[in-house]
$ cat input_7.txt   # compact mmCIF, C-alpha atoms
# COMPACT_ATOMS: atom_id res chain seq x y z
CA MET A 29 200.13 -57.61 82.33
CA ALA A 30 197.10 -57.73 84.61
CA HIS A 31 197.51 -56.85 88.27
CA ILE A 32 196.05 -60.22 89.32
CA GLN A 33 196.18 -63.66 87.71
CA LEU A 34 193.37 -63.62 85.16
CA PRO A 35 192.62 -66.34 82.60
CA ASP A 36 194.95 -66.02 79.61
CA GLY A 37 193.79 -64.56 76.32
CA LEU A 38 190.48 -63.12 77.53
CA PRO A 39 190.22 -59.44 76.64
CA GLY A 40 189.03 -56.51 78.74
CA ILE A 41 186.15 -57.26 81.06
CA VAL A 42 185.90 -60.89 79.92
CA GLY A 43 188.93 -61.91 81.99
CA PRO A 44 187.64 -60.53 85.32
CA LEU A 45 184.12 -61.81 84.62
CA THR A 46 185.49 -65.29 84.01
CA TYR A 47 187.71 -65.02 87.08
CA SER A 48 184.73 -64.17 89.32
CA PRO A 49 181.50 -65.86 88.17
CA ASP A 50 179.65 -64.75 91.31
CA THR A 51 180.03 -61.10 90.36
CA ALA A 52 179.89 -61.75 86.61
CA GLN A 53 176.25 -62.77 86.71
CA PRO A 54 174.84 -59.51 88.14
CA LEU A 55 177.26 -57.36 86.14
CA THR A 56 176.35 -58.95 82.81
CA GLN A 57 172.65 -58.95 83.69
CA LEU A 58 172.86 -55.23 84.44
CA ALA A 59 174.52 -54.58 81.07
CA GLU A 60 171.86 -56.68 79.33
CA VAL A 61 169.00 -54.75 80.94
CA LEU A 62 170.59 -51.34 80.43
CA LEU A 63 171.72 -51.81 76.84
CA ARG A 64 169.34 -54.33 75.32
CA GLY A 65 166.24 -54.49 77.52
CA PRO A 66 162.88 -53.01 76.54
CA ASN A 67 163.26 -49.24 76.35
CA THR A 68 162.15 -46.22 74.36
CA LEU A 69 165.82 -45.48 73.69
CA THR A 70 167.18 -47.80 71.02
CA SER A 71 169.99 -50.20 71.81
CA ALA A 72 172.15 -48.15 69.43
CA GLU A 73 171.45 -44.97 71.43
CA ARG A 74 172.21 -46.71 74.72
CA GLU A 75 175.42 -48.20 73.30
CA MET A 76 176.41 -44.69 72.17
CA ILE A 77 175.93 -43.44 75.73
CA ALA A 78 178.14 -46.30 77.01
CA ALA A 79 180.79 -45.61 74.34
CA HIS A 80 180.75 -41.86 75.03
CA VAL A 81 181.26 -42.32 78.78
CA SER A 82 183.93 -44.97 78.21
CA TYR A 83 185.74 -42.67 75.78
CA ARG A 84 185.67 -39.85 78.33
CA ASN A 85 187.03 -42.28 80.94
CA GLU A 86 189.82 -43.28 78.52
CA CYS A 87 188.86 -46.95 78.80
CA ASP A 88 189.96 -48.21 75.40
CA PHE A 89 188.46 -51.67 75.69
CA CYS A 90 184.99 -50.46 76.68
CA GLN A 91 184.83 -47.51 74.31
CA LEU A 92 186.01 -49.59 71.35
CA SER A 93 183.77 -52.58 72.05
CA HIS A 94 180.65 -50.49 72.76
CA SER A 95 181.38 -48.27 69.76
CA ALA A 96 181.43 -51.46 67.70
CA ALA A 97 178.15 -52.62 69.25
CA ALA A 98 176.51 -49.26 68.48
CA ALA A 99 177.85 -49.41 64.93
CA ALA A 100 176.54 -52.97 64.56
CA HIS A 101 173.06 -51.69 65.40
CA LEU A 102 173.50 -48.91 62.81
CA GLY A 103 174.70 -50.96 59.86
CA GLY A 104 178.39 -50.25 60.50
CA ASN A 105 178.18 -46.44 60.82
CA TYR A 106 181.46 -45.97 62.72
CA ASP A 107 181.78 -42.35 61.57
CA LEU A 108 178.65 -41.38 63.49
CA ILE A 109 179.86 -43.20 66.61
CA GLU A 110 183.22 -41.41 66.49
CA ARG A 111 181.47 -38.04 66.20
CA VAL A 112 179.21 -38.90 69.16
CA LYS A 113 182.21 -39.80 71.31
CA LEU A 114 184.24 -36.73 70.37
CA ASN A 115 181.54 -34.05 70.36
CA PRO A 116 177.90 -35.12 70.60
CA GLU A 117 176.68 -31.57 69.90
CA THR A 118 178.00 -31.75 66.34
CA ALA A 119 176.98 -35.36 65.67
CA ALA A 120 174.04 -36.20 63.41
CA VAL A 121 171.85 -37.49 66.24
CA SER A 122 168.58 -36.19 67.63
CA ASP A 123 168.50 -33.18 69.93
CA LYS A 124 167.11 -35.49 72.60
CA LEU A 125 170.14 -37.80 72.35
CA LYS A 126 172.48 -34.80 72.38
CA ALA A 127 170.87 -33.63 75.63
CA LEU A 128 171.07 -37.12 77.13
CA LEU A 129 174.73 -37.43 76.12
CA THR A 130 175.39 -34.11 77.87
CA ILE A 131 173.85 -35.58 81.03
CA ALA A 132 175.92 -38.75 80.62
CA GLY A 133 179.09 -36.70 80.20
CA LYS A 134 178.34 -34.81 83.39
CA VAL A 135 177.68 -38.04 85.30
CA GLN A 136 181.09 -39.24 84.09
CA LYS A 137 182.66 -36.21 85.79
CA GLY A 138 180.58 -36.66 88.93
CA GLY A 139 176.89 -37.12 89.62
CA LYS A 140 176.49 -33.68 91.18
CA GLN A 141 177.61 -32.10 87.89
CA VAL A 142 174.15 -32.75 86.37
CA THR A 143 172.05 -29.59 86.64
CA SER A 144 168.33 -28.87 86.53
CA GLU A 145 169.02 -27.06 83.27
CA ASP A 146 170.53 -30.22 81.77
CA VAL A 147 167.43 -32.20 82.72
CA SER A 148 165.11 -29.42 81.48
CA ARG A 149 166.91 -29.38 78.14
CA ALA A 150 166.48 -33.15 77.79
CA ARG A 151 162.77 -32.86 78.63
CA GLN A 152 162.33 -29.98 76.15
CA HIS A 153 163.63 -32.33 73.46
CA GLY A 154 161.22 -35.09 74.43
CA ALA A 155 163.18 -37.16 76.95
CA THR A 156 161.04 -38.96 79.48
CA ASP A 157 161.92 -39.37 83.14
CA LYS A 158 162.67 -43.04 82.41
CA GLU A 159 165.09 -42.07 79.61
CA ILE A 160 166.82 -39.56 81.88
CA HIS A 161 166.99 -42.18 84.65
CA ASP A 162 168.40 -44.80 82.31
CA THR A 163 170.96 -42.39 80.87
CA VAL A 164 172.26 -41.57 84.34
CA LEU A 165 172.34 -45.26 85.28
CA ILE A 166 174.14 -46.27 82.06
CA ALA A 167 176.72 -43.51 82.61
CA ALA A 168 177.23 -44.47 86.26
CA ALA A 169 177.44 -48.18 85.46
CA PHE A 170 179.98 -47.59 82.72
CA CYS A 171 182.15 -45.56 85.04
CA MET A 172 182.19 -48.71 87.22
CA TYR A 173 182.79 -51.09 84.30
CA ASN A 174 185.58 -48.85 82.97
CA ARG A 175 187.31 -48.77 86.33
CA TYR A 176 186.92 -52.54 86.69
CA VAL A 177 188.63 -53.14 83.34
CA ASP A 178 191.39 -50.56 83.78
CA GLY A 179 191.85 -51.00 87.54
CA LEU A 180 192.91 -54.62 86.96
CA ALA A 181 195.07 -53.66 83.94
CA THR A 182 193.32 -56.23 81.76
CA TRP A 183 194.70 -57.32 78.40
CA GLN A 184 193.15 -55.44 75.48
CA PRO A 185 193.39 -56.30 71.77
CA THR A 186 194.96 -53.78 69.43
CA ASP A 187 193.35 -55.16 66.26
CA PRO A 188 190.21 -53.18 65.36
CA ALA A 189 188.73 -56.33 63.78
CA ALA A 190 188.57 -57.94 67.24
CA TYR A 191 186.32 -55.11 68.45
CA ARG A 192 184.07 -55.33 65.39
CA GLU A 193 183.55 -59.02 66.13
CA MET A 194 182.84 -58.28 69.82
CA GLY A 195 180.45 -55.49 68.88
CA GLU A 196 178.48 -57.76 66.56
CA SER A 197 178.22 -60.36 69.31
CA MET A 198 177.20 -57.84 71.97
CA ALA A 199 174.63 -56.21 69.69
CA HIS A 200 173.04 -59.42 68.43
CA GLN A 201 173.67 -62.05 71.12
CA GLY A 202 173.73 -59.88 74.22
CA TYR A 203 175.72 -59.79 77.40
CA VAL A 204 174.49 -62.77 79.39
CA ARG A 205 176.38 -65.85 78.25
CA SER A 206 178.00 -68.88 79.84
CA ARG A 207 181.62 -68.31 80.78
CA GLN A 208 184.25 -70.87 81.50
CA THR A 209 185.83 -70.26 84.92
CA SER A 210 189.56 -70.34 85.46
CA SER A 211 189.12 -73.88 86.81
CA GLY A 212 187.55 -74.96 83.51
CA LYS A 213 183.94 -75.11 84.76
CA VAL A 214 181.16 -73.36 82.86
CA ALA A 215 179.50 -70.67 84.97

$ encode --input "input_7.txt" --output "structure tokens"
Amino acid sequence: MAHIQLPDGLPGIVGPLTYSPDTAQPLTQLAEVLLRGPNTLTSAEREMIAAHVSYRNECDFCQLSHSAAAAAHLGGNYDLIERVKLNPETAAVSDKLKALLTIAGKVQKGGKQVTSEDVSRARQHGATDKEIHDTVLIAAAFCMYNRYVDGLATWQPTDPAAYREMGESMAHQGYVRSRQTSSGKVA
């Protein structure tokens, strides 16, 4: 049961976003820009960063939904996403993405954990300053999103099919959508 009265039946972050439309708008816009906006990193790669950080933060809702979004971008390749979450160094992804995932994992622990060597490694594998910037921002934002979801003890589905459906929607329709407020108004 959620710590505050959230709209019934809305999973994970959807309940708090519906509860507070004023904060929902900038939060969903940030997710849209970070995960789907124009970028040299693919949406699948950015979703993998979000899923990896969420997995490390033990936020089931976020890691499962963003894993599903990444898989939706990759034709349903859930095996790859699981490997990325568990141990990016052994996953079948580019050396650049491995280096960026290392940076993301360090941001998850604390921003000061990222070293010059981590950044140098990413650059050696072709990461641009923008890609390094965006990786850090995605990791930091997902620490916030994860804490928002778990800090309010939101309801989370247990059926994997629910996450597949969410992932498809996030991957193909995006994050900025109208939400019905708890008073029944569309925000």

$ closest_atom_pairs --input "input_7.txt" --of "region 163-208 of chain A" --to "region 42-64 of chain A" --cutoff "9 Å" --atoms "all atoms listed in the file" --output "Markdown table"
| residue | atom | partner | partner_atom | distance |
| --- | --- | --- | --- | --- |
| A:Thr163 | CA | A:Leu62 | CA | 9.0 |
| A:Leu165 | CA | A:Leu62 | CA | 8.0 |
| A:Ile166 | CA | A:Leu62 | CA | 6.4 |
| A:Ala169 | CA | A:Ala59 | CA | 8.3 |
| A:Tyr173 | CA | A:Leu55 | CA | 8.6 |
| A:Tyr176 | CA | A:Pro44 | CA | 8.1 |
| A:Val177 | CA | A:Pro44 | CA | 7.7 |
| A:Leu180 | CA | A:Pro44 | CA | 8.1 |
| A:Thr182 | CA | A:Gly43 | CA | 7.2 |
| A:Trp183 | CA | A:Gly43 | CA | 8.2 |
| A:Ala199 | CA | A:Arg64 | CA | 8.0 |
| A:Gly202 | CA | A:Glu60 | CA | 6.3 |
| A:Tyr203 | CA | A:Glu60 | CA | 5.3 |
| A:Val204 | CA | A:Thr56 | CA | 5.5 |
| A:Arg205 | CA | A:Thr56 | CA | 8.3 |
| A:Arg207 | CA | A:Thr46 | CA | 5.9 |
| A:Gln208 | CA | A:Thr46 | CA | 6.2 |

$ residues_around --input "input_7.txt" --residues "region 70-84 of chain A" --least-positions-apart "4" --cutoff "7 Å" --atoms "all atoms listed in the file" --output "number ranges by chain"
A: 63-64, 88, 90-91, 94-95, 97-98, 101-102, 109, 112-113, 129, 132-133, 136, 166-167, 170, 174

$ atom_distance --input "input_7.txt" --atom1 "CA of Met194 (chain A)" --atom2 "CA of Gly179 (chain A)"
21.2 Å

$ atom_distance --input "input_7.txt" --atom1 "CA of Ala190 (chain A)" --atom2 "CA of Asp107 (chain A)"
17.9 Å

$ atom_distance --input "input_7.txt" --atom1 "CA of Val121 (chain A)" --atom2 "CA of Leu108 (chain A)"
8.3 Å

$ closest_residue --input "input_7.txt" --among "A:Asp162, A:Asp123, A:Asp36, A:Asp146" --to "Thr68 (chain A)" --atoms "all atoms listed in the file"
A:Asp162

$ closest_residue --input "input_7.txt" --among "A:Met172, A:Gly37, A:Thr130, A:Leu69" --to "Glu117 (chain A)" --atoms "only C-alpha atoms"
A:Thr130

$ axis_aligned_box --input "input_7.txt" --around "region 123-128 of chain A" --padding-each-side "8 Å" --output "JSON"
{"center_x": 169.8, "center_y": -35.5, "center_z": 73.5, "size_x": 21.4, "size_y": 20.6, "size_z": 23.2}

$ residues_near_point --input "input_7.txt" --point "(175.0, -31.5, 79.2)" --cutoff "10 Å" --atoms "all atoms listed in the file" --output "PDB file with C-alpha atoms, keeping the file's coordinate frame"
ATOM      1  CA  PRO A 116     177.900 -35.120  70.600  1.00  0.00           C
ATOM      2  CA  GLU A 117     176.680 -31.570  69.900  1.00  0.00           C
ATOM      3  CA  LYS A 126     172.480 -34.800  72.380  1.00  0.00           C
ATOM      4  CA  ALA A 127     170.870 -33.630  75.630  1.00  0.00           C
ATOM      5  CA  LEU A 128     171.070 -37.120  77.130  1.00  0.00           C
ATOM      6  CA  LEU A 129     174.730 -37.430  76.120  1.00  0.00           C
ATOM      7  CA  THR A 130     175.390 -34.110  77.870  1.00  0.00           C
ATOM      8  CA  ILE A 131     173.850 -35.580  81.030  1.00  0.00           C
ATOM      9  CA  ALA A 132     175.920 -38.750  80.620  1.00  0.00           C
ATOM     10  CA  GLY A 133     179.090 -36.700  80.200  1.00  0.00           C
ATOM     11  CA  LYS A 134     178.340 -34.810  83.390  1.00  0.00           C
ATOM     12  CA  VAL A 135     177.680 -38.040  85.300  1.00  0.00           C
ATOM     13  CA  GLN A 141     177.610 -32.100  87.890  1.00  0.00           C
ATOM     14  CA  VAL A 142     174.150 -32.750  86.370  1.00  0.00           C
ATOM     15  CA  THR A 143     172.050 -29.590  86.640  1.00  0.00           C
ATOM     16  CA  GLU A 145     169.020 -27.060  83.270  1.00  0.00           C
ATOM     17  CA  ASP A 146     170.530 -30.220  81.770  1.00  0.00           C
ATOM     18  CA  VAL A 147     167.430 -32.200  82.720  1.00  0.00           C
ATOM     19  CA  ARG A 149     166.910 -29.380  78.140  1.00  0.00           C
ATOM     20  CA  ALA A 150     166.480 -33.150  77.790  1.00  0.00           C
TER      21      ALA A 150
END
